[in-house]
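Data file: coords-v2.pdb. Format and content: PDB, C-alpha atoms and all ligand atoms.
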```pdb
MODEL        1
ATOM      1  CA  MET X1047      36.305 -11.371  39.593  1.00  0.00           C
ATOM      2  CA  HIS X1048      34.377 -12.625  36.573  1.00  0.00           C
ATOM      3  CA  LYS X1049      30.914 -11.295  35.939  1.00  0.00           C
ATOM      4  CA  LEU X1050      28.220 -13.831  36.814  1.00  0.00           C
ATOM      5  CA  PRO X1051      25.881 -14.988  34.059  1.00  0.00           C
ATOM      6  CA  VAL X1052      22.346 -13.611  33.947  1.00  0.00           C
ATOM      7  CA  ILE X1053      19.679 -16.067  35.087  1.00  0.00           C
ATOM      8  CA  ALA X1054      17.018 -16.751  32.437  1.00  0.00           C
ATOM      9  CA  GLN X1055      13.528 -15.882  33.657  1.00  0.00           C
ATOM     10  CA  ILE X1056      10.241 -17.680  32.993  1.00  0.00           C
ATOM     11  CA  GLY X1057       9.061 -16.699  29.526  1.00  0.00           C
ATOM     12  CA  ASP X1058      12.541 -17.060  28.022  1.00  0.00           C
ATOM     13  CA  PRO X1059      12.303 -19.838  25.363  1.00  0.00           C
ATOM     14  CA  ILE X1060      15.587 -21.415  26.591  1.00  0.00           C
ATOM     15  CA  LEU X1061      13.676 -22.593  29.686  1.00  0.00           C
ATOM     16  CA  ARG X1062      11.234 -24.443  27.425  1.00  0.00           C
ATOM     17  CA  SER X1063      13.821 -26.202  25.243  1.00  0.00           C
ATOM     18  CA  LYS X1064      15.222 -29.696  25.599  1.00  0.00           C
ATOM     19  CA  ALA X1065      18.905 -29.554  26.529  1.00  0.00           C
ATOM     20  CA  LYS X1066      21.443 -31.643  24.602  1.00  0.00           C
ATOM     21  CA  PRO X1067      23.687 -34.349  26.076  1.00  0.00           C
ATOM     22  CA  VAL X1068      27.245 -33.430  27.047  1.00  0.00           C
ATOM     23  CA  ASN X1069      29.565 -35.473  24.818  1.00  0.00           C
ATOM     24  CA  LYS X1070      32.966 -34.417  26.094  1.00  0.00           C
ATOM     25  CA  ILE X1071      33.301 -33.417  29.731  1.00  0.00           C
ATOM     26  CA  SER X1072      36.873 -32.194  29.297  1.00  0.00           C
ATOM     27  CA  ASP X1073      35.682 -29.641  26.712  1.00  0.00           C
ATOM     28  CA  PRO X1074      36.711 -26.195  28.057  1.00  0.00           C
ATOM     29  CA  THR X1075      33.170 -24.899  27.351  1.00  0.00           C
ATOM     30  CA  ILE X1076      31.757 -27.525  29.713  1.00  0.00           C
ATOM     31  CA  ILE X1077      34.391 -26.969  32.429  1.00  0.00           C
ATOM     32  CA  LYS X1078      33.663 -23.230  32.282  1.00  0.00           C
ATOM     33  CA  LEU X1079      29.928 -23.890  32.352  1.00  0.00           C
ATOM     34  CA  ILE X1080      30.247 -26.049  35.493  1.00  0.00           C
ATOM     35  CA  ASP X1081      32.292 -23.352  37.246  1.00  0.00           C
ATOM     36  CA  SER X1082      29.959 -20.513  36.340  1.00  0.00           C
ATOM     37  CA  SER X1083      26.885 -22.596  37.297  1.00  0.00           C
ATOM     38  CA  ILE X1084      28.392 -23.247  40.744  1.00  0.00           C
ATOM     39  CA  ALA X1085      29.317 -19.579  41.166  1.00  0.00           C
ATOM     40  CA  THR X1086      25.811 -18.472  40.147  1.00  0.00           C
ATOM     41  CA  ALA X1087      24.049 -20.939  42.481  1.00  0.00           C
ATOM     42  CA  THR X1088      26.319 -19.920  45.373  1.00  0.00           C
ATOM     43  CA  ALA X1089      25.925 -16.167  44.789  1.00  0.00           C
ATOM     44  CA  ASN X1090      22.116 -16.537  44.729  1.00  0.00           C
ATOM     45  CA  LEU X1091      21.974 -18.957  47.704  1.00  0.00           C
ATOM     46  CA  GLY X1092      20.369 -21.511  45.366  1.00  0.00           C
ATOM     47  CA  VAL X1093      20.250 -25.197  46.266  1.00  0.00           C
ATOM     48  CA  GLY X1094      20.530 -26.061  42.599  1.00  0.00           C
ATOM     49  CA  ILE X1095      20.811 -24.616  39.127  1.00  0.00           C
ATOM     50  CA  ALA X1096      20.537 -26.149  35.687  1.00  0.00           C
ATOM     51  CA  ALA X1097      22.635 -25.072  32.690  1.00  0.00           C
ATOM     52  CA  PRO X1098      19.600 -23.840  30.666  1.00  0.00           C
ATOM     53  CA  GLN X1099      18.961 -21.322  33.464  1.00  0.00           C
ATOM     54  CA  ILE X1100      22.148 -19.575  32.437  1.00  0.00           C
ATOM     55  CA  SER X1101      21.177 -19.981  28.780  1.00  0.00           C
ATOM     56  CA  GLN X1102      23.429 -22.975  28.053  1.00  0.00           C
ATOM     57  CA  PRO X1103      21.431 -25.832  26.479  1.00  0.00           C
ATOM     58  CA  TYR X1104      23.406 -28.737  27.995  1.00  0.00           C
ATOM     59  CA  ARG X1105      22.288 -31.637  30.163  1.00  0.00           C
ATOM     60  CA  LEU X1106      24.030 -30.700  33.351  1.00  0.00           C
ATOM     61  CA  PHE X1107      23.072 -29.190  36.671  1.00  0.00           C
ATOM     62  CA  ILE X1108      24.452 -28.390  40.072  1.00  0.00           C
ATOM     63  CA  VAL X1109      23.015 -29.741  43.327  1.00  0.00           C
ATOM     64  CA  ALA X1110      24.095 -27.696  46.329  1.00  0.00           C
ATOM     65  CA  SER X1111      21.815 -28.616  49.220  1.00  0.00           C
ATOM     66  CA  HIS X1112      22.204 -26.596  52.402  1.00  0.00           C
ATOM     67  CA  PRO X1113      19.922 -26.021  55.406  1.00  0.00           C
ATOM     68  CA  SER X1114      17.406 -23.168  55.223  1.00  0.00           C
ATOM     69  CA  ASP X1115      14.470 -21.863  57.297  1.00  0.00           C
ATOM     70  CA  ARG X1116      12.154 -24.231  55.524  1.00  0.00           C
ATOM     71  CA  TYR X1117      14.539 -27.202  55.377  1.00  0.00           C
ATOM     72  CA  PRO X1118      16.645 -27.044  58.562  1.00  0.00           C
ATOM     73  CA  GLN X1119      17.435 -30.756  58.181  1.00  0.00           C
ATOM     74  CA  ALA X1120      18.749 -30.389  54.617  1.00  0.00           C
ATOM     75  CA  PRO X1121      22.226 -31.847  54.233  1.00  0.00           C
ATOM     76  CA  THR X1122      25.083 -29.470  53.478  1.00  0.00           C
ATOM     77  CA  MET X1123      26.704 -30.549  50.242  1.00  0.00           C
ATOM     78  CA  THR X1124      29.702 -29.302  48.352  1.00  0.00           C
ATOM     79  CA  PRO X1125      28.110 -27.996  45.129  1.00  0.00           C
ATOM     80  CA  THR X1126      28.095 -31.078  42.906  1.00  0.00           C
ATOM     81  CA  ALA X1127      27.970 -31.097  39.113  1.00  0.00           C
ATOM     82  CA  MET X1128      25.735 -33.834  37.687  1.00  0.00           C
ATOM     83  CA  ILE X1129      26.235 -34.362  33.964  1.00  0.00           C
ATOM     84  CA  ASN X1130      23.833 -36.250  31.662  1.00  0.00           C
ATOM     85  CA  PRO X1131      21.730 -37.122  34.728  1.00  0.00           C
ATOM     86  CA  ARG X1132      18.838 -39.572  34.665  1.00  0.00           C
ATOM     87  CA  ILE X1133      16.473 -41.362  37.002  1.00  0.00           C
ATOM     88  CA  LEU X1134      16.936 -45.143  36.906  1.00  0.00           C
ATOM     89  CA  SER X1135      14.044 -45.983  39.212  1.00  0.00           C
ATOM     90  CA  HIS X1136      11.849 -44.446  41.874  1.00  0.00           C
ATOM     91  CA  GLY X1137       9.911 -45.444  44.960  1.00  0.00           C
ATOM     92  CA  GLU X1138       6.129 -45.384  45.061  1.00  0.00           C
ATOM     93  CA  GLN X1139       5.804 -42.580  47.572  1.00  0.00           C
ATOM     94  CA  VAL X1140       5.084 -39.108  46.217  1.00  0.00           C
ATOM     95  CA  VAL X1141       5.299 -36.137  48.594  1.00  0.00           C
ATOM     96  CA  LYS X1142       4.268 -32.511  48.183  1.00  0.00           C
ATOM     97  CA  ASP X1143       6.618 -29.862  49.513  1.00  0.00           C
ATOM     98  CA  TRP X1144       7.674 -26.301  48.819  1.00  0.00           C
ATOM     99  CA  GLU X1145       9.817 -25.302  45.872  1.00  0.00           C
ATOM    100  CA  GLY X1146      11.028 -22.081  44.399  1.00  0.00           C
ATOM    101  CA  CYS X1147      13.220 -21.359  41.404  1.00  0.00           C
ATOM    102  CA  LEU X1148      15.807 -18.705  40.518  1.00  0.00           C
ATOM    103  CA  SER X1149      14.034 -18.430  37.143  1.00  0.00           C
ATOM    104  CA  VAL X1150      10.604 -17.810  38.712  1.00  0.00           C
ATOM    105  CA  PRO X1151      11.147 -14.877  41.076  1.00  0.00           C
ATOM    106  CA  ASN X1152       8.867 -14.280  44.033  1.00  0.00           C
ATOM    107  CA  ILE X1153       6.861 -17.518  43.605  1.00  0.00           C
ATOM    108  CA  ARG X1154       6.667 -20.624  45.788  1.00  0.00           C
ATOM    109  CA  GLY X1155       4.597 -23.696  45.275  1.00  0.00           C
ATOM    110  CA  LEU X1156       3.815 -27.112  46.674  1.00  0.00           C
ATOM    111  CA  VAL X1157       5.109 -29.649  44.189  1.00  0.00           C
ATOM    112  CA  PRO X1158       4.588 -33.422  44.237  1.00  0.00           C
ATOM    113  CA  ARG X1159       7.863 -35.375  43.787  1.00  0.00           C
ATOM    114  CA  TYR X1160       9.092 -38.926  44.369  1.00  0.00           C
ATOM    115  CA  GLN X1161      10.463 -39.262  47.890  1.00  0.00           C
ATOM    116  CA  GLU X1162      13.191 -41.672  46.782  1.00  0.00           C
ATOM    117  CA  ILE X1163      14.935 -42.032  43.432  1.00  0.00           C
ATOM    118  CA  GLU X1164      17.849 -44.021  42.100  1.00  0.00           C
ATOM    119  CA  VAL X1165      19.926 -41.843  39.813  1.00  0.00           C
ATOM    120  CA  GLU X1166      22.894 -42.000  37.508  1.00  0.00           C
ATOM    121  CA  TYR X1167      25.064 -39.161  36.277  1.00  0.00           C
ATOM    122  CA  THR X1168      28.582 -38.443  35.113  1.00  0.00           C
ATOM    123  CA  THR X1169      30.783 -36.541  37.541  1.00  0.00           C
ATOM    124  CA  ARG X1170      33.006 -33.630  36.620  1.00  0.00           C
ATOM    125  CA  GLN X1171      35.907 -36.112  36.729  1.00  0.00           C
ATOM    126  CA  GLY X1172      34.166 -38.117  34.015  1.00  0.00           C
ATOM    127  CA  GLU X1173      33.153 -41.022  36.229  1.00  0.00           C
ATOM    128  CA  THR X1174      29.715 -42.629  36.265  1.00  0.00           C
ATOM    129  CA  SER X1175      28.018 -42.315  39.627  1.00  0.00           C
ATOM    130  CA  GLN X1176      24.933 -44.198  40.786  1.00  0.00           C
ATOM    131  CA  GLN X1177      23.193 -43.084  43.956  1.00  0.00           C
ATOM    132  CA  ILE X1178      19.980 -43.350  45.913  1.00  0.00           C
ATOM    133  CA  LEU X1179      18.653 -39.888  46.754  1.00  0.00           C
ATOM    134  CA  THR X1180      15.865 -39.180  49.230  1.00  0.00           C
ATOM    135  CA  ASP X1181      13.746 -36.275  50.481  1.00  0.00           C
ATOM    136  CA  PHE X1182      15.114 -32.780  49.842  1.00  0.00           C
ATOM    137  CA  VAL X1183      18.063 -33.843  47.681  1.00  0.00           C
ATOM    138  CA  ALA X1184      15.789 -36.117  45.608  1.00  0.00           C
ATOM    139  CA  ARG X1185      13.478 -33.109  45.202  1.00  0.00           C
ATOM    140  CA  ILE X1186      16.305 -30.864  43.982  1.00  0.00           C
ATOM    141  CA  PHE X1187      17.403 -33.541  41.487  1.00  0.00           C
ATOM    142  CA  GLN X1188      13.880 -33.887  40.057  1.00  0.00           C
ATOM    143  CA  HIS X1189      13.433 -30.096  39.861  1.00  0.00           C
ATOM    144  CA  GLU X1190      16.747 -29.618  38.050  1.00  0.00           C
ATOM    145  CA  LEU X1191      16.219 -32.608  35.736  1.00  0.00           C
ATOM    146  CA  ASP X1192      12.931 -31.044  34.665  1.00  0.00           C
ATOM    147  CA  HIS X1193      14.831 -27.909  33.593  1.00  0.00           C
ATOM    148  CA  LEU X1194      16.789 -30.051  31.107  1.00  0.00           C
ATOM    149  CA  ASP X1195      13.489 -31.061  29.512  1.00  0.00           C
ATOM    150  CA  GLY X1196      11.969 -27.575  29.402  1.00  0.00           C
ATOM    151  CA  ILE X1197       9.728 -28.146  32.424  1.00  0.00           C
ATOM    152  CA  ILE X1198       9.326 -25.541  35.193  1.00  0.00           C
ATOM    153  CA  PHE X1199       8.153 -26.467  38.720  1.00  0.00           C
ATOM    154  CA  THR X1200       4.924 -24.496  38.315  1.00  0.00           C
ATOM    155  CA  ASP X1201       3.965 -26.971  35.531  1.00  0.00           C
ATOM    156  CA  ARG X1202       3.961 -29.751  38.163  1.00  0.00           C
ATOM    157  CA  ILE X1203       1.574 -28.061  40.553  1.00  0.00           C
ATOM    158  CA  THR X1204      -1.569 -30.169  40.800  1.00  0.00           C
ATOM    159  CA  ASP X1205      -3.739 -27.651  42.682  1.00  0.00           C
ATOM    160  CA  PRO X1206      -3.657 -23.978  41.610  1.00  0.00           C
ATOM    161  CA  ALA X1207      -4.197 -23.056  45.291  1.00  0.00           C
ATOM    162  CA  ASP X1208      -0.693 -24.433  45.988  1.00  0.00           C
ATOM    163  CA  LEU X1209       0.899 -21.378  44.322  1.00  0.00           C
ATOM    164  CA  TYR X1210       2.066 -18.558  46.642  1.00  0.00           C
ATOM    165  CA  THR X1211       4.017 -15.343  46.462  1.00  0.00           C
ATOM    166  CA  GLU X1212       7.189 -15.298  48.535  1.00  0.00           C
ATOM    167  CA  ALA X1213       5.542 -12.975  51.100  1.00  0.00           C
ATOM    168  CA  GLU X1214       2.432 -15.181  51.443  1.00  0.00           C
ATOM    169  CA  TYR X1215       4.630 -18.250  51.719  1.00  0.00           C
ATOM    170  CA  ARG X1216       6.734 -16.645  54.496  1.00  0.00           C
ATOM    171  CA  GLN X1217       3.578 -15.671  56.361  1.00  0.00           C
ATOM    172  CA  LEU X1218       2.165 -19.194  56.086  1.00  0.00           C
ATOM    173  CA  ILE X1219       5.400 -20.822  57.236  1.00  0.00           C
ATOM    174  CA  SER X1220       5.845 -18.484  60.201  1.00  0.00           C
ATOM    175  CA  SER X1221       2.217 -18.862  61.314  1.00  0.00           C
ATOM    176  CA  LYS X1222       2.656 -22.659  61.172  1.00  0.00           C
ATOM    177  CA  GLU X1223       5.782 -22.386  63.310  1.00  0.00           C
ATOM    178  CA  ARG X1224       3.900 -20.387  65.955  1.00  0.00           C
ATOM    179  CA  HIS X1225       1.092 -22.955  66.271  1.00  0.00           C
TER     180      HIS X1225
HETATM  181 ZN    ZN X1301      14.518 -24.091  38.926  1.00  0.00          ZN
ENDMDL
END
```
Take the structure in the file and write it out as structure tokens.
Amino acid sequence: MHKLPVIAQIGDPILRSKAKPVNKISDPTIIKLIDSSIATATANLGVGIAAPQISQPYRLFIVASHPSDRYPQAPTMTPTAMINPRILSHGEQVVKDWEGCLSVPNIRGLVPRYQEIEVEYTTRQGETSQQILTDFVARIFQHELDHLDGIIFTDRITDPADLYTEAEYRQLISSKERH
């Protein structure tokens, strides 16, 4: 088994840099990067990971939605590589919901995101894909796209009171479930 890459943590300058476009998808560096990103997201139960999080400054990320305590309705997806991703358009509705990040351990926050976005990206097979994403998957896409521009989810928090530790977040969620 190959050793998994280390996940860059908040404070590491790579997380604040703008990633560069992927020019050649068939480049072995890129193929390897996709595989190790998927392996890292899977091993850490992440619903997404962006290349800069494993210290590779390329515009690509993995979206790997799966249901969790907080998002029982989340669709289960085969981990999908999205290369040179961008948002073509978005709906008007903005919703706040919980996010966490493998690069920001022990922190959760309520982050406003577009509920619906139209996106375009190149697939690992080199094809252009256009899709409408909604809700949780749209949220993952926006979170990961931010990583490619050096933005971390805590930057998007509009009310400082929306920032929680993991333990406080768990307590809040479970007390809401009881009532
Ligand atoms: Zn993240």
Distance criterion (only C-alpha atoms and all ligand atoms): nearest to ligand ZN 1301 (chain X) out of X:Ser1082, X:Ser1221, X:Thr1122, X:Gln1055 = X:Gln1055
Using only C-alpha atoms and all ligand atoms, which of the listed residues (X:Asp1058, X:Asp1143, X:Glu1190, X:Glu1138) sits closest to ligand ZN 1301 (chain X)?
->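 For ligand ZN 1301 (chain X), the nearest of the candidates is X:Glu1190.
Remark: for X:Gln1161, the closest of the candidate residues X:Ser1083, X:Gln1177, X:Gln1139, X:Thr1088 is X:Gln1139 (distances computed over all atoms listed in the file).
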Determine, counting all atoms listed in the file, which protein, DNA and RNA residues have an atom within 8 Å of an atom of X:Ile1163; residues of the same chain fewer than 3 positions away are not included. Present the result as a list of chain:residue names.
->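 Those residues are X:Ile1133, X:Leu1134, X:Ser1135, X:His1136, X:Gly1137, X:Tyr1160, X:Ile1178, X:Leu1179, X:Thr1180, X:Ala1184.
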May I have the residues within 8 Å of ligand ZN 1301 (chain X), computed using only C-alpha atoms and all ligand atoms, as a PDB file with C-alpha atoms, in the coordinates of the input?
```
ATOM      1  CA  GLY X1094      20.530 -26.061  42.599  1.00  0.00           C
ATOM      2  CA  ILE X1095      20.811 -24.616  39.127  1.00  0.00           C
ATOM      3  CA  ALA X1096      20.537 -26.149  35.687  1.00  0.00           C
ATOM      4  CA  GLN X1099      18.961 -21.322  33.464  1.00  0.00           C
ATOM      5  CA  GLY X1146      11.028 -22.081  44.399  1.00  0.00           C
ATOM      6  CA  CYS X1147      13.220 -21.359  41.404  1.00  0.00           C
ATOM      7  CA  LEU X1148      15.807 -18.705  40.518  1.00  0.00           C
ATOM      8  CA  SER X1149      14.034 -18.430  37.143  1.00  0.00           C
ATOM      9  CA  VAL X1150      10.604 -17.810  38.712  1.00  0.00           C
ATOM     10  CA  HIS X1189      13.433 -30.096  39.861  1.00  0.00           C
ATOM     11  CA  GLU X1190      16.747 -29.618  38.050  1.00  0.00           C
ATOM     12  CA  HIS X1193      14.831 -27.909  33.593  1.00  0.00           C
ATOM     13  CA  ILE X1198       9.326 -25.541  35.193  1.00  0.00           C
ATOM     14  CA  PHE X1199       8.153 -26.467  38.720  1.00  0.00           C
TER      15      PHE X1199
END
```
Reconstructed stretch 1165-1186 of chain X, atom set N, CA and C atoms, as a PDB file, keeping the file's coordinate frame:
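What landed in selection18.pdb:
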```
ATOM      1  N   VAL X1165      19.482 -42.680  40.925  1.00  0.00           N
ATOM      2  CA  VAL X1165      19.926 -41.843  39.813  1.00  0.00           C
ATOM      3  C   VAL X1165      21.295 -42.263  39.295  1.00  0.00           C
ATOM      4  N   GLU X1166      21.565 -41.805  38.094  1.00  0.00           N
ATOM      5  CA  GLU X1166      22.894 -42.000  37.508  1.00  0.00           C
ATOM      6  C   GLU X1166      23.292 -40.702  36.826  1.00  0.00           C
ATOM      7  N   TYR X1167      24.540 -40.341  36.972  1.00  0.00           N
ATOM      8  CA  TYR X1167      25.064 -39.161  36.277  1.00  0.00           C
ATOM      9  C   TYR X1167      26.566 -39.300  36.118  1.00  0.00           C
ATOM     10  N   THR X1168      27.134 -38.474  35.273  1.00  0.00           N
ATOM     11  CA  THR X1168      28.582 -38.443  35.113  1.00  0.00           C
ATOM     12  C   THR X1168      29.116 -37.310  35.970  1.00  0.00           C
ATOM     13  N   THR X1169      30.201 -37.567  36.676  1.00  0.00           N
ATOM     14  CA  THR X1169      30.783 -36.541  37.541  1.00  0.00           C
ATOM     15  C   THR X1169      31.686 -35.635  36.709  1.00  0.00           C
ATOM     16  N   ARG X1170      32.134 -34.556  37.333  1.00  0.00           N
ATOM     17  CA  ARG X1170      33.006 -33.630  36.620  1.00  0.00           C
ATOM     18  C   ARG X1170      34.349 -34.273  36.288  1.00  0.00           C
ATOM     19  N   GLN X1171      34.681 -35.363  37.036  1.00  0.00           N
ATOM     20  CA  GLN X1171      35.907 -36.112  36.729  1.00  0.00           C
ATOM     21  C   GLN X1171      35.684 -37.133  35.606  1.00  0.00           C
ATOM     22  N   GLY X1172      34.458 -37.212  35.117  1.00  0.00           N
ATOM     23  CA  GLY X1172      34.166 -38.117  34.015  1.00  0.00           C
ATOM     24  C   GLY X1172      33.793 -39.520  34.446  1.00  0.00           C
ATOM     25  N   GLU X1173      33.543 -39.695  35.744  1.00  0.00           N
ATOM     26  CA  GLU X1173      33.153 -41.022  36.229  1.00  0.00           C
ATOM     27  C   GLU X1173      31.635 -41.147  36.312  1.00  0.00           C
ATOM     28  N   THR X1174      31.155 -42.391  36.132  1.00  0.00           N
ATOM     29  CA  THR X1174      29.715 -42.629  36.265  1.00  0.00           C
ATOM     30  C   THR X1174      29.403 -42.865  37.735  1.00  0.00           C
ATOM     31  N   SER X1175      28.404 -42.163  38.226  1.00  0.00           N
ATOM     32  CA  SER X1175      28.018 -42.315  39.627  1.00  0.00           C
ATOM     33  C   SER X1175      26.568 -42.754  39.698  1.00  0.00           C
ATOM     34  N   GLN X1176      26.312 -43.773  40.533  1.00  0.00           N
ATOM     35  CA  GLN X1176      24.933 -44.198  40.786  1.00  0.00           C
ATOM     36  C   GLN X1176      24.659 -43.995  42.260  1.00  0.00           C
ATOM     37  N   GLN X1177      23.507 -43.415  42.572  1.00  0.00           N
ATOM     38  CA  GLN X1177      23.193 -43.084  43.956  1.00  0.00           C
ATOM     39  C   GLN X1177      21.711 -43.209  44.208  1.00  0.00           C
ATOM     40  N   ILE X1178      21.374 -43.448  45.476  1.00  0.00           N
ATOM     41  CA  ILE X1178      19.980 -43.350  45.913  1.00  0.00           C
ATOM     42  C   ILE X1178      19.839 -41.986  46.586  1.00  0.00           C
ATOM     43  N   LEU X1179      18.899 -41.188  46.139  1.00  0.00           N
ATOM     44  CA  LEU X1179      18.653 -39.888  46.754  1.00  0.00           C
ATOM     45  C   LEU X1179      17.275 -39.909  47.402  1.00  0.00           C
ATOM     46  N   THR X1180      17.154 -39.232  48.537  1.00  0.00           N
ATOM     47  CA  THR X1180      15.865 -39.180  49.230  1.00  0.00           C
ATOM     48  C   THR X1180      15.532 -37.739  49.606  1.00  0.00           C
ATOM     49  N   ASP X1181      14.258 -37.526  49.900  1.00  0.00           N
ATOM     50  CA  ASP X1181      13.746 -36.275  50.481  1.00  0.00           C
ATOM     51  C   ASP X1181      14.209 -35.033  49.710  1.00  0.00           C
ATOM     52  N   PHE X1182      14.811 -34.081  50.439  1.00  0.00           N
ATOM     53  CA  PHE X1182      15.114 -32.780  49.842  1.00  0.00           C
ATOM     54  C   PHE X1182      16.073 -32.892  48.648  1.00  0.00           C
ATOM     55  N   VAL X1183      17.089 -33.728  48.778  1.00  0.00           N
ATOM     56  CA  VAL X1183      18.063 -33.843  47.681  1.00  0.00           C
ATOM     57  C   VAL X1183      17.406 -34.510  46.461  1.00  0.00           C
ATOM     58  N   ALA X1184      16.539 -35.490  46.709  1.00  0.00           N
ATOM     59  CA  ALA X1184      15.789 -36.117  45.608  1.00  0.00           C
ATOM     60  C   ALA X1184      14.899 -35.075  44.927  1.00  0.00           C
ATOM     61  N   ARG X1185      14.325 -34.179  45.730  1.00  0.00           N
ATOM     62  CA  ARG X1185      13.478 -33.109  45.202  1.00  0.00           C
ATOM     63  C   ARG X1185      14.287 -32.160  44.316  1.00  0.00           C
ATOM     64  N   ILE X1186      15.461 -31.761  44.791  1.00  0.00           N
ATOM     65  CA  ILE X1186      16.305 -30.864  43.982  1.00  0.00           C
ATOM     66  C   ILE X1186      16.627 -31.543  42.648  1.00  0.00           C
TER      67      ILE X1186
END
```
